[in-house]
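K.L.:
Enclosed is the structure file structure-v6.txt (compact mmCIF, C-alpha atoms).
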```txt
# COMPACT_ATOMS: atom_id res chain seq x y z
CA MET A 1 -0.55 -68.70 32.93
CA ALA A 2 -4.11 -68.56 31.71
CA THR A 3 -4.35 -65.03 33.12
CA VAL A 4 -1.28 -63.90 31.15
CA ASP A 5 -2.62 -65.45 27.94
CA SER A 6 -5.95 -63.75 28.49
CA PHE A 7 -4.26 -60.37 28.98
CA GLN A 8 -2.16 -60.76 25.81
CA PHE A 9 -5.23 -61.78 23.85
CA LEU A 10 -7.17 -58.79 25.20
CA TYR A 11 -4.27 -56.45 24.36
CA ARG A 12 -4.08 -57.76 20.78
CA GLU A 13 -7.82 -57.31 20.32
CA ILE A 14 -7.75 -53.73 21.66
CA SER A 15 -4.73 -52.86 19.52
CA ARG A 16 -6.40 -54.30 16.45
CA SER A 17 -9.62 -52.36 17.06
CA CYS A 18 -7.73 -49.07 17.80
CA SER A 19 -5.17 -49.35 15.02
CA PHE A 20 -7.25 -47.05 12.80
CA TYR A 21 -7.22 -44.31 15.46
CA PHE A 22 -3.48 -44.71 16.05
CA GLU A 23 -2.81 -44.36 12.34
CA THR A 24 -5.06 -41.31 12.17
CA LEU A 25 -3.30 -39.65 15.10
CA ALA A 26 0.09 -40.48 13.57
CA LEU A 27 -1.03 -38.90 10.27
CA VAL A 28 -2.27 -35.77 12.05
CA GLY A 29 1.02 -35.49 13.93
CA ALA A 30 3.02 -35.93 10.72
CA LEU A 31 0.95 -33.24 8.95
CA TYR A 32 1.37 -30.85 11.89
CA THR A 33 5.13 -31.43 11.98
CA ALA A 34 5.36 -30.97 8.20
CA SER A 35 3.41 -27.69 8.39
CA LYS A 36 5.74 -26.37 11.08
CA VAL A 37 8.79 -27.35 9.04
CA ILE A 38 7.37 -25.66 5.95
CA THR A 39 6.59 -22.52 7.97
CA LEU A 40 10.13 -22.48 9.36
CA LEU A 41 11.63 -22.90 5.89
CA ARG A 42 9.39 -20.14 4.55
CA ASP A 43 10.43 -17.78 7.33
CA CYS A 44 14.10 -18.56 6.66
CA CYS A 45 13.63 -17.86 2.95
CA VAL A 46 11.91 -14.55 3.73
CA LEU A 47 14.72 -13.64 6.14
CA VAL A 48 17.34 -14.27 3.46
CA ARG A 49 15.34 -12.53 0.74
CA VAL A 50 14.64 -9.39 2.77
CA HIS A 51 17.82 -8.92 4.81
CA PHE A 52 20.69 -10.63 2.97
CA LEU A 53 20.09 -10.79 -0.78
CA PRO A 54 19.56 -7.01 -1.20
CA ARG A 55 22.95 -6.40 0.44
CA MET A 56 24.69 -8.90 -1.85
CA ILE A 57 22.99 -8.27 -5.21
CA PRO A 58 23.77 -4.91 -6.89
CA THR A 59 20.70 -2.77 -7.61
CA LYS A 60 19.99 0.62 -9.13
CA LYS A 61 20.97 3.69 -7.17
CA LEU A 62 18.32 5.00 -4.80
CA THR A 63 18.29 8.30 -6.67
CA GLN A 64 17.39 6.47 -9.87
CA ARG A 65 14.75 4.31 -8.22
CA TYR A 66 12.99 6.97 -6.15
CA GLY A 67 14.36 10.50 -6.46
CA ASP A 68 17.03 13.01 -5.44
CA TRP A 69 15.47 14.49 -2.30
CA ALA A 70 14.12 13.15 0.98
CA VAL A 71 11.84 14.79 3.53
CA VAL A 72 12.57 13.64 7.09
CA TYR A 73 10.13 14.36 9.91
CA GLY A 74 11.23 13.61 13.47
CA ALA A 75 14.97 13.92 12.84
CA SER A 76 15.65 14.68 16.50
CA GLU A 77 15.38 10.92 17.10
CA PRO A 78 18.71 9.06 16.74
CA VAL A 79 17.28 6.42 14.41
CA ALA A 80 15.82 9.08 12.08
CA THR A 81 19.10 10.98 12.07
CA ALA A 82 20.98 7.80 11.19
CA TYR A 83 18.45 7.00 8.45
CA ALA A 84 18.89 10.48 6.98
CA GLU A 85 22.67 10.05 7.06
CA GLU A 86 22.41 6.73 5.25
CA LEU A 87 20.29 8.37 2.56
CA ALA A 88 22.84 11.17 2.29
CA ARG A 89 25.57 8.56 1.88
CA HIS A 90 23.68 7.43 -1.21
CA GLY A 91 23.74 10.98 -2.58
CA ILE A 92 20.24 12.04 -1.55
CA SER A 93 19.65 15.61 -0.38
CA ILE A 94 17.62 16.08 2.79
CA ILE A 95 14.83 18.41 3.92
CA PHE A 96 14.51 18.22 7.70
CA VAL A 97 11.13 19.13 9.20
CA THR A 98 11.38 19.57 12.94
CA GLN A 99 9.99 21.42 15.93
CA ASP A 100 13.45 21.84 17.45
CA HIS A 101 16.06 23.05 14.97
CA THR A 102 18.99 23.38 17.41
CA SER A 103 20.25 19.80 17.16
CA VAL A 104 19.07 19.23 13.60
CA ARG A 105 21.04 22.18 12.19
CA ASP A 106 24.32 20.61 13.31
CA THR A 107 23.29 17.31 11.72
CA ALA A 108 22.36 19.04 8.47
CA ALA A 109 25.68 20.90 8.32
CA SER A 110 27.57 17.67 9.01
CA LEU A 111 25.78 15.80 6.22
CA SER A 112 26.44 18.58 3.73
CA GLN A 113 30.11 18.63 4.61
CA SER A 114 30.61 14.87 4.73
CA TYR A 115 28.60 13.75 1.69
CA GLY A 116 28.32 16.88 -0.45
CA VAL A 117 24.51 16.89 -0.47
CA GLU A 118 22.13 19.79 -0.01
CA THR A 119 20.27 20.09 3.27
CA VAL A 120 17.35 22.28 4.31
CA VAL A 121 16.05 22.67 7.87
CA LEU A 122 12.44 23.78 8.31
CA LEU A 123 10.98 24.72 11.68
CA ALA A 124 7.32 23.71 11.74
CA ASP A 125 5.08 23.41 14.78
CA PHE A 126 1.71 22.15 13.58
CA SER A 127 0.17 22.40 17.04
CA LEU A 128 0.71 26.17 17.18
CA ASP A 129 0.45 27.20 13.54
CA PRO A 130 -2.22 25.72 11.26
CA ALA A 131 -0.33 27.19 8.27
CA ALA A 132 2.91 25.38 9.16
CA SER A 133 2.65 23.30 5.99
CA LYS A 134 3.16 26.32 3.70
CA PRO A 135 6.97 26.57 4.08
CA ILE A 136 7.20 22.80 3.55
CA ILE A 137 5.27 23.04 0.30
CA GLU A 138 7.48 25.94 -0.82
CA ALA A 139 10.66 24.04 0.06
CA MET A 140 9.53 21.01 -1.95
CA ARG A 141 8.56 23.04 -5.00
CA GLY A 142 10.65 22.11 -8.03
CA LYS A 143 12.49 19.31 -6.21
CA ASP A 144 12.41 15.61 -7.07
CA ILE A 145 11.12 14.39 -3.71
CA GLY A 146 11.63 10.63 -3.68
CA PHE A 147 11.48 9.84 0.04
CA LEU A 148 9.40 10.70 3.07
CA VAL A 149 10.58 9.44 6.44
CA ASN A 150 8.25 9.76 9.44
CA CYS A 151 9.71 8.78 12.81
CA LEU A 152 7.83 8.13 16.03
CA ASP A 153 8.62 10.29 19.05
CA GLY A 154 10.89 8.35 21.40
CA SER A 155 9.39 9.92 24.52
CA LEU A 156 6.41 7.60 24.13
CA ALA A 157 8.55 4.69 25.32
CA THR A 158 8.81 6.10 28.84
CA PRO A 159 6.77 3.83 31.16
CA GLN A 160 3.73 5.82 32.24
CA SER A 161 0.12 5.01 32.92
CA LEU A 162 -2.40 6.69 30.66
CA ILE A 163 -4.08 8.59 33.53
CA GLU A 164 -0.67 9.93 34.61
CA ILE A 165 -0.08 11.69 31.28
CA PRO A 166 -1.28 15.32 31.38
CA GLU A 167 -4.07 16.06 28.93
CA GLN A 168 -2.10 18.63 26.92
CA VAL A 169 0.94 16.36 26.72
CA LEU A 170 -1.27 13.52 25.49
CA LEU A 171 -2.84 15.74 22.84
CA ASP A 172 0.60 16.91 21.71
CA LEU A 173 1.83 13.31 21.45
CA VAL A 174 -1.17 12.26 19.38
CA ASN A 175 -0.82 15.35 17.20
CA LYS A 176 2.90 14.89 16.66
CA ASN A 177 2.96 11.15 16.05
CA ILE A 178 -0.33 10.53 14.27
CA ALA A 179 -1.83 13.71 12.85
CA VAL A 180 1.41 15.32 11.63
CA ALA A 181 2.79 12.07 10.17
CA THR A 182 -0.46 11.66 8.23
CA LEU A 183 -0.38 15.28 7.11
CA MET A 184 3.26 15.00 5.98
CA THR A 185 2.29 12.03 3.83
CA ARG A 186 -0.59 14.04 2.39
CA LEU A 187 1.81 16.86 1.47
CA VAL A 188 4.44 14.70 -0.21
CA LEU A 189 2.26 12.16 -2.06
CA PRO A 190 0.96 14.39 -4.92
CA GLY A 191 4.47 15.05 -6.26
CA MET A 192 5.37 11.37 -6.02
CA LEU A 193 2.22 10.39 -7.89
CA GLU A 194 3.03 12.84 -10.67
CA ARG A 195 6.42 11.17 -11.16
CA SER A 196 5.01 7.66 -10.50
CA ARG A 197 7.79 6.86 -8.06
CA GLY A 198 8.65 7.44 -4.43
CA ALA A 199 9.03 5.80 -1.03
CA VAL A 200 7.24 6.56 2.24
CA VAL A 201 8.96 5.09 5.30
CA ASN A 202 7.17 5.16 8.66
CA ILE A 203 9.46 4.24 11.56
CA SER A 204 7.53 3.14 14.63
CA SER A 205 8.36 0.26 17.00
CA GLY A 206 8.00 -3.49 17.38
CA SER A 207 5.52 -2.83 20.18
CA CYS A 208 2.77 -2.56 17.57
CA CYS A 209 2.64 -6.37 17.55
CA ARG A 210 1.83 -6.85 21.24
CA PRO A 211 0.47 -4.58 24.01
CA PHE A 212 3.02 -3.47 26.58
CA PRO A 213 2.21 -2.52 30.19
CA GLU A 214 2.24 1.19 31.00
CA ARG A 215 2.84 2.07 27.36
CA VAL A 216 -0.68 2.54 26.06
CA ALA A 217 0.18 5.63 24.01
CA LEU A 218 3.19 3.91 22.43
CA THR A 219 1.25 0.76 21.51
CA ALA A 220 -1.64 2.77 20.06
CA SER A 221 0.61 5.14 18.08
CA THR A 222 2.75 2.37 16.64
CA GLY A 223 -0.37 0.39 15.78
CA TYR A 224 -1.74 3.36 13.87
CA MET A 225 1.51 3.92 11.99
CA ASP A 226 1.71 0.26 11.05
CA HIS A 227 -1.88 -0.01 9.79
CA PHE A 228 -1.63 3.39 8.10
CA SER A 229 1.43 2.17 6.20
CA LYS A 230 -0.24 -1.08 5.13
CA ALA A 231 -3.37 0.71 3.93
CA LEU A 232 -1.30 3.33 2.11
CA HIS A 233 0.80 0.68 0.38
CA LEU A 234 -2.34 -1.17 -0.68
CA GLU A 235 -3.79 2.01 -2.16
CA TYR A 236 -0.75 3.44 -3.94
CA SER A 237 1.65 0.56 -4.67
CA SER A 238 0.05 0.09 -8.11
CA ARG A 239 0.95 3.70 -8.92
CA GLY A 240 4.67 3.35 -8.25
CA ILE A 241 4.71 4.39 -4.56
CA PHE A 242 6.46 2.07 -2.12
CA VAL A 243 5.24 2.42 1.47
CA GLN A 244 7.19 0.70 4.23
CA SER A 245 6.41 0.17 7.90
CA LEU A 246 9.64 -0.15 9.89
CA MET A 247 9.21 -1.74 13.32
CA PRO A 248 12.56 -1.74 15.13
CA PHE A 249 13.12 -3.12 18.59
CA GLN A 250 15.74 -1.69 20.92
CA ILE A 251 18.37 0.50 19.27
CA ALA A 252 21.43 1.83 21.06
CA LYS A 253 21.16 5.45 22.19
CA SER A 254 17.50 5.36 21.33
CA VAL A 255 14.37 4.90 23.45
CA LEU A 256 12.07 3.77 20.67
CA GLU A 257 11.89 0.27 22.08
CA PRO A 258 9.68 -0.10 25.14
CA SER A 259 12.05 -2.46 26.91
CA SER A 260 14.70 0.20 27.36
CA SER A 261 14.28 1.33 30.92
CA SER A 262 17.01 3.92 31.21
CA SER A 263 19.32 5.99 29.08
CA SER A 264 22.33 4.05 30.29
CA SER A 265 20.86 0.73 29.22
CA SER A 266 20.00 2.09 25.78
CA SER A 267 23.46 3.57 25.22
CA THR A 268 25.21 0.20 25.01
CA HIS A 269 25.09 -1.72 21.77
CA SER A 270 25.17 -5.41 20.99
CA TRP A 271 24.06 -7.86 18.34
CA PHE A 272 20.38 -7.38 19.20
CA VAL A 273 20.82 -3.71 20.15
CA PRO A 274 22.56 -2.16 17.14
CA LYS A 275 23.93 1.33 16.81
CA PRO A 276 21.60 3.68 14.91
CA ASP A 277 23.93 3.81 11.89
CA VAL A 278 24.14 0.01 11.74
CA TYR A 279 20.37 -0.27 11.91
CA ALA A 280 19.88 2.43 9.26
CA ARG A 281 22.28 0.68 6.87
CA HIS A 282 20.31 -2.56 7.17
CA ALA A 283 16.92 -0.80 7.00
CA VAL A 284 17.71 1.17 3.83
CA SER A 285 18.74 -2.05 2.10
CA THR A 286 15.17 -3.36 2.54
CA LEU A 287 13.63 -0.49 0.54
CA GLY A 288 11.59 -1.89 -2.30
CA VAL A 289 11.89 -5.42 -0.91
CA SER A 290 9.49 -5.60 2.04
CA ASN A 291 6.70 -3.18 2.90
CA ARG A 292 6.55 -4.37 6.54
CA THR A 293 9.74 -5.33 8.35
CA THR A 294 11.83 -4.66 11.41
CA GLY A 295 14.62 -3.51 9.12
CA TYR A 296 17.28 -5.52 10.96
CA TRP A 297 17.47 -9.31 10.83
CA PRO A 298 18.16 -10.01 14.54
CA HIS A 299 15.07 -7.92 15.28
CA THR A 300 13.16 -10.07 12.80
CA LEU A 301 14.15 -13.10 14.86
CA GLN A 302 12.82 -11.34 17.97
CA LEU A 303 9.58 -10.50 16.18
CA GLY A 304 9.15 -14.11 15.06
CA LEU A 305 9.60 -15.32 18.63
CA MET A 306 7.16 -12.73 19.95
CA ARG A 307 4.47 -13.76 17.45
CA ARG A 308 4.74 -17.39 18.50
CA ILE A 309 3.95 -16.61 22.12
CA PRO A 310 0.19 -17.09 22.68
CA GLU A 311 -1.52 -13.84 23.57
CA TRP A 312 -2.89 -15.20 26.85
CA ILE A 313 0.65 -16.05 27.98
CA TRP A 314 1.79 -12.58 26.92
CA VAL A 315 -1.03 -10.92 28.89
CA LEU A 316 -0.30 -13.09 31.92
CA GLY A 317 3.39 -12.23 31.75
CA SER A 318 2.55 -8.52 31.44
CA ARG A 319 0.39 -8.66 34.55
CA VAL A 320 3.14 -10.42 36.48
CA PHE A 321 5.59 -7.78 35.27
CA ILE A 322 3.33 -4.99 36.48
CA SER A 323 2.81 -6.63 39.87
CA LEU A 324 6.56 -7.11 40.37
CA SER A 325 7.38 -3.56 39.32
```
Show me the file's structure as structure tokens.
P.N.:
Amino acid sequence: MATVDSFQFLYREISRSCSFYFETLALVGALYTASKVITLLRDCCVLVRVHFLPRMIPTKKLTQRYGDWAVVYGASEPVATAYAEELARHGISIIFVTQDHTSVRDTAASLSQSYGVETVVLLADFSLDPAASKPIIEAMRGKDIGFLVNCLDGSLATPQSLIEIPEQVLLDLVNKNIAVATLMTRLVLPGMLERSRGAVVNISSGSCCRPFPERVALTASTGYMDHFSKALHLEYSSRGIFVQSLMPFQIAKSVLEPSSSSSSSSSTHSWFVPKPDVYARHAVSTLGVSNRTTGYWPHTLQLGLMRRIPEWIWVLGSRVFISLS
């Protein structure tokens, strides 16, 4: 009995002496929980503000906010084609700049017939002709260019080690996805600055947020496009130019997302894998609202989950993925 009383007395004394530490730990835990709740509420508010309110609240027409014409580079990609069609649905005429005009000409004719807008197709290969920008400048002359859409080449998403990519192919990919996109922005910006309005939309991929195995070129290119967009927006937003970095994940019938392993898997659509036209409709609604977004709210949920995974876990998982494949 004396032993039990001694133990209870000792326990009370220890509890009394450690009560300050218990209260401190409880306070730290409460503050941590409160910060996580506030962060979650903030993310929910941003999700609603970016992806839902613009689709519910009427705004000015895109032609009034930005201009009557759009220049689209990389229209051979399904997501860029869908984005151009969504712009045409809003009454915006399109200038397509492409290296392969065969598929784009049919798209241009379809848009003209369906929406009654003007379309121009320009064949420009900057890798072969240093003066390829001249016809683009001539085509833009006298037009109210309000949009520039640069789209990343989907072939980058094909799993391939850097040393397996031929040197010329690698140079062409860098030229097409980085140099030409930068040059296109350089060509279009002066006219936008004169009118103090315009929108530059760079469509890359969600892979810019985390490195992916066997997709070094994709990760680097998307990272450049994302940082280029942020820097451009910082420099020109005060002069009426809205610059947006679109970072979609997997899109049906598109290989922009690195997780698509085959054409058959990318051809099916679901809630998290939207059709290109569905994605484009959501993405266009975010113009003027967010300068850096996935453009599609289920993809924003994916991005939020990806950011909350510690990088060391991500790297470990990537190494396991490589070893299993």
K.L.:
Centre and edge lengths of an axis-aligned box around all listed atoms of range 185-195 of chain A, with 4 Å added on each side, are to be given in Å to one decimal, as AutoDock Vina command-line options.
P.N.:
```
--center_x 2.9 --center_y 13.6 --center_z -3.7 --size_x 15.0 --size_y 14.5 --size_z 23.0
```
K.L.:
Which residue out of A:Glu311, A:Glu138, A:Glu77, A:Glu86 has the minimum interatomic distance to Leu187 in chain A when only C-alpha atoms are used?
P.N.:
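With only C-alpha atoms as the atom set, the closest residue is A:Glu138.
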K.L.:
Show me, as number ranges by chain, the residues that have an atom within 9 Å of Trp297 in chain A when counting all atoms listed in the file, minus same-chain residues fewer than 2 positions from it.
P.N.:
A: 47-48, 50-52, 282, 294-295, 299-302
K.L.:
Taking all atoms listed in the file into account, name the residue in A:Leu316, A:Val149, A:Ala124, A:Leu189 that is nearest to Phe212 in chain A.
P.N.:
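Comparing A:Leu316, A:Val149, A:Ala124, A:Leu189 against Phe212 in chain A, the winner is A:Leu316.
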K.L.:
Could you work out how far CA of Cys44 in chain A lies from CA of Leu31 in chain A, giving the answer in Å with one decimal?
P.N.:
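Spanning CA of Leu31 in chain A to CA of Cys44 in chain A is a straight-line distance of 19.8 Å.
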K.L.:
Between CA of Ile178 in chain A and CA of Thr219 in chain A, what is the distance in Å, rounded to a tenth?
P.N.:
12.3 Å
K.L.:
To one decimal in Å, tell me the separation between CA of Ser93 in chain A and CA of Leu53 in chain A.
P.N.:
26.4 Å
K.L.:
Once you count only C-alpha atoms, what closest atom pair and distance in Å to one decimal does each residue of range 28-71 of chain A within 8 Å of range 190-201 of chain A have, with rows by chain and rising residue number, as JSON lines?
P.N.:
```
{"residue": "A:Arg65", "atom": "CA", "partner": "A:Arg197", "partner_atom": "CA", "distance": 7.4}
{"residue": "A:Tyr66", "atom": "CA", "partner": "A:Gly198", "partner_atom": "CA", "distance": 4.7}
{"residue": "A:Gly67", "atom": "CA", "partner": "A:Gly198", "partner_atom": "CA", "distance": 6.8}
```
K.L.:
Please provide as a list in words all residues within 7 Å of Met247 in chain A, with the sequence filter that same-chain residues fewer than 2 positions apart are discarded (counting only C-alpha atoms).
P.N.:
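Residues near the query, excluding close chain neighbours: Ile203, Ser204, Ser205, Gly206, Ser245, Phe249, Thr293 and Thr294 of chain A.
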K.L.:
My list of candidates is A:Gln99, A:Gln168, A:Thr107, A:Ser161. Which is closest to Asp125 in chain A when distances are computed with only C-alpha atoms?
P.N.:
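Nearest to Asp125 in chain A: A:Gln99.
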K.L.:
Rank nothing, just name the residue among A:Val104, A:Asn291, A:Cys209, A:Thr158 nearest to Pro78 in chain A, using all atoms listed in the file.
P.N.:
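Of A:Val104, A:Asn291, A:Cys209, A:Thr158, the one nearest Pro78 in chain A is A:Val104, counting all atoms listed in the file.
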K.L.:
For Leu123 in chain A, find every residue with an atom within 7 Å (counting all atoms listed in the file), except residues of its own chain fewer than 2 positions away, and show them as a compact mmCIF listing (two decimals) with C-alpha atoms, in the coordinates of the input.
P.N.:
```txt
# COMPACT_ATOMS: atom_id res chain seq x y z
CA VAL A 97 11.13 19.13 9.20
CA THR A 98 11.38 19.57 12.94
CA GLN A 99 9.99 21.42 15.93
CA ASP A 100 13.45 21.84 17.45
CA HIS A 101 16.06 23.05 14.97
CA VAL A 121 16.05 22.67 7.87
CA ASP A 125 5.08 23.41 14.78
```
K.L.:
Contacts of range 227-231 of chain A at 8 Å or less, counting all atoms listed in the file, minus same-chain residues fewer than 2 places along, as a list in words?
P.N.:
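Listing them by chain and then by number gives Asn202, Gly223, Tyr224, Met225, His233, Leu234, Glu235, Val243, Gln244, Ser245, Asn291 and Arg292 of chain A.
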K.L.:
Got a moment to write range 68-95 of chain A out with N, CA and C atoms, as a PDB file, in the first residue's frame?
P.N.:
```pdb
ATOM      1  N   ASP A  68      -9.264  41.614 -80.811  1.00  0.00           N
ATOM      2  CA  ASP A  68     -10.067  40.854 -81.771  1.00  0.00           C
ATOM      3  C   ASP A  68      -9.325  39.680 -82.397  1.00  0.00           C
ATOM      4  N   TRP A  69      -8.005  39.643 -82.254  1.00  0.00           N
ATOM      5  CA  TRP A  69      -7.221  38.604 -82.916  1.00  0.00           C
ATOM      6  C   TRP A  69      -6.337  37.867 -81.901  1.00  0.00           C
ATOM      7  N   ALA A  70      -6.073  36.612 -82.231  1.00  0.00           N
ATOM      8  CA  ALA A  70      -5.176  35.790 -81.409  1.00  0.00           C
ATOM      9  C   ALA A  70      -4.140  35.132 -82.297  1.00  0.00           C
ATOM     10  N   VAL A  71      -2.911  35.066 -81.816  1.00  0.00           N
ATOM     11  CA  VAL A  71      -1.843  34.338 -82.492  1.00  0.00           C
ATOM     12  C   VAL A  71      -1.599  33.054 -81.708  1.00  0.00           C
ATOM     13  N   VAL A  72      -1.683  31.914 -82.384  1.00  0.00           N
ATOM     14  CA  VAL A  72      -1.553  30.619 -81.722  1.00  0.00           C
ATOM     15  C   VAL A  72      -0.350  29.896 -82.319  1.00  0.00           C
ATOM     16  N   TYR A  73       0.631  29.616 -81.465  1.00  0.00           N
ATOM     17  CA  TYR A  73       1.802  28.851 -81.892  1.00  0.00           C
ATOM     18  C   TYR A  73       1.754  27.457 -81.265  1.00  0.00           C
ATOM     19  N   GLY A  74       1.922  26.428 -82.083  1.00  0.00           N
ATOM     20  CA  GLY A  74       1.855  25.055 -81.606  1.00  0.00           C
ATOM     21  C   GLY A  74       0.458  24.474 -81.723  1.00  0.00           C
ATOM     22  N   ALA A  75      -0.287  24.911 -82.740  1.00  0.00           N
ATOM     23  CA  ALA A  75      -1.688  24.491 -82.868  1.00  0.00           C
ATOM     24  C   ALA A  75      -1.843  23.038 -83.284  1.00  0.00           C
ATOM     25  N   SER A  76      -0.755  22.349 -83.604  1.00  0.00           N
ATOM     26  CA  SER A  76      -0.872  20.928 -83.935  1.00  0.00           C
ATOM     27  C   SER A  76      -1.165  20.087 -82.694  1.00  0.00           C
ATOM     28  N   GLU A  77      -0.961  20.670 -81.501  1.00  0.00           N
ATOM     29  CA  GLU A  77      -1.293  19.972 -80.266  1.00  0.00           C
ATOM     30  C   GLU A  77      -2.799  20.074 -79.995  1.00  0.00           C
ATOM     31  N   PRO A  78      -3.437  18.979 -79.565  1.00  0.00           N
ATOM     32  CA  PRO A  78      -4.888  18.997 -79.340  1.00  0.00           C
ATOM     33  C   PRO A  78      -5.344  20.077 -78.369  1.00  0.00           C
ATOM     34  N   VAL A  79      -4.582  20.307 -77.297  1.00  0.00           N
ATOM     35  CA  VAL A  79      -5.005  21.299 -76.317  1.00  0.00           C
ATOM     36  C   VAL A  79      -4.934  22.712 -76.898  1.00  0.00           C
ATOM     37  N   ALA A  80      -3.947  22.988 -77.758  1.00  0.00           N
ATOM     38  CA  ALA A  80      -3.852  24.300 -78.393  1.00  0.00           C
ATOM     39  C   ALA A  80      -4.963  24.489 -79.409  1.00  0.00           C
ATOM     40  N   THR A  81      -5.284  23.432 -80.144  1.00  0.00           N
ATOM     41  CA  THR A  81      -6.395  23.502 -81.096  1.00  0.00           C
ATOM     42  C   THR A  81      -7.713  23.786 -80.386  1.00  0.00           C
ATOM     43  N   ALA A  82      -7.926  23.105 -79.259  1.00  0.00           N
ATOM     44  CA  ALA A  82      -9.151  23.319 -78.488  1.00  0.00           C
ATOM     45  C   ALA A  82      -9.188  24.731 -77.910  1.00  0.00           C
ATOM     46  N   TYR A  83      -8.047  25.230 -77.478  1.00  0.00           N
ATOM     47  CA  TYR A  83      -7.989  26.595 -76.934  1.00  0.00           C
ATOM     48  C   TYR A  83      -8.316  27.612 -78.019  1.00  0.00           C
ATOM     49  N   ALA A  84      -7.767  27.388 -79.218  1.00  0.00           N
ATOM     50  CA  ALA A  84      -8.074  28.283 -80.340  1.00  0.00           C
ATOM     51  C   ALA A  84      -9.563  28.234 -80.690  1.00  0.00           C
ATOM     52  N   GLU A  85     -10.155  27.048 -80.638  1.00  0.00           N
ATOM     53  CA  GLU A  85     -11.582  26.930 -80.931  1.00  0.00           C
ATOM     54  C   GLU A  85     -12.427  27.652 -79.888  1.00  0.00           C
ATOM     55  N   GLU A  86     -12.009  27.589 -78.635  1.00  0.00           N
ATOM     56  CA  GLU A  86     -12.745  28.291 -77.581  1.00  0.00           C
ATOM     57  C   GLU A  86     -12.654  29.799 -77.773  1.00  0.00           C
ATOM     58  N   LEU A  87     -11.486  30.283 -78.187  1.00  0.00           N
ATOM     59  CA  LEU A  87     -11.357  31.705 -78.494  1.00  0.00           C
ATOM     60  C   LEU A  87     -12.239  32.085 -79.673  1.00  0.00           C
ATOM     61  N   ALA A  88     -12.264  31.226 -80.694  1.00  0.00           N
ATOM     62  CA  ALA A  88     -13.116  31.494 -81.856  1.00  0.00           C
ATOM     63  C   ALA A  88     -14.593  31.515 -81.471  1.00  0.00           C
ATOM     64  N   ARG A  89     -14.959  30.680 -80.516  1.00  0.00           N
ATOM     65  CA  ARG A  89     -16.349  30.665 -80.040  1.00  0.00           C
ATOM     66  C   ARG A  89     -16.736  31.990 -79.405  1.00  0.00           C
ATOM     67  N   HIS A  90     -15.721  32.702 -78.900  1.00  0.00           N
ATOM     68  CA  HIS A  90     -15.957  34.027 -78.323  1.00  0.00           C
ATOM     69  C   HIS A  90     -15.816  35.136 -79.361  1.00  0.00           C
ATOM     70  N   GLY A  91     -15.706  34.756 -80.636  1.00  0.00           N
ATOM     71  CA  GLY A  91     -15.659  35.752 -81.699  1.00  0.00           C
ATOM     72  C   GLY A  91     -14.287  36.301 -82.000  1.00  0.00           C
ATOM     73  N   ILE A  92     -13.244  35.584 -81.641  1.00  0.00           N
ATOM     74  CA  ILE A  92     -11.874  36.048 -81.849  1.00  0.00           C
ATOM     75  C   ILE A  92     -11.280  35.363 -83.071  1.00  0.00           C
ATOM     76  N   SER A  93     -10.740  36.145 -83.988  1.00  0.00           N
ATOM     77  CA  SER A  93     -10.097  35.601 -85.180  1.00  0.00           C
ATOM     78  C   SER A  93      -8.714  35.060 -84.815  1.00  0.00           C
ATOM     79  N   ILE A  94      -8.257  34.082 -85.601  1.00  0.00           N
ATOM     80  CA  ILE A  94      -7.050  33.339 -85.226  1.00  0.00           C
ATOM     81  C   ILE A  94      -5.993  33.407 -86.327  1.00  0.00           C
ATOM     82  N   ILE A  95      -4.740  33.635 -85.913  1.00  0.00           N
ATOM     83  CA  ILE A  95      -3.576  33.478 -86.786  1.00  0.00           C
ATOM     84  C   ILE A  95      -2.799  32.265 -86.269  1.00  0.00           C
TER      85      ILE A  95
END
```
